[in-house]
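The structure under discussion appears below in the form of structure tokens.
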Amino acid sequence: VDITDGVVISDGGFKEEVEELNNKFGELNVFIAQLERDGTTFEGDSRNYITLPNNPTKRFTNNGTIEDVVQDILNWVKYERELQGSTFG
């Protein structure tokens, strides 16, 4: 969590959950980071990767530490924000 930049990393396993965030914050302010790890699948799980047409979305491989993948996600969000020419708020 990096509140100063308006970033919160949370679980969103269903499209409807993310759509509620879109309604509150706007699609371009809700970034979808899809995490994968070698040897894991969604087999037997009711969730799957969420993809919505207007949300910035990127898949990350997390075979390292939580800190590493969180930093990768924060770097991506910062990059996307720079492309958008905006900051949170």
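How things are named: the first chain in the structure tokens is A, the next is B, and so on; residues count from 1 in each chain; ligands count from 1 in the order shown.
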As a list in words, list the residues of chain A assigned to strand (DSSP E or B) by DSSP on the backbone atoms of this structure. Asp2, Val7, Ile32, Ala33, Gln34, Leu35, Glu36, Thr57, Lys58, Arg59, Phe60 and Thr61 of chain A
I'd like the interatomic distance between CA of Gln84 (chain A) and CA of Asn22 (chain A), to a tenth of an Å.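 Between these atoms lies a distance of 16.7 Å.
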Hey, what's within 8 Å of region 50-58 of chain A if we count only C-alpha atoms and toss same-chain stuff fewer than 5 positions away? As a list in words, please?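 Non-adjacent residues within range: Gly13, Phe14, Lys15, Glu27, Leu28, Asn29, Val30, Phe31, Ile32, Ala33, Gln34 and Glu80 of chain A.
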Region 59-61 of chain A surroundings by only C-alpha atoms, 10 Å radius, close-in-sequence under 3 positions cut, as a list in words: Ile32, Ala33, Gln34, Leu35, Glu36, Arg37, Asp38, Tyr49, Gly64, Val69, Val70, Asp72 and Ile73 of chain A
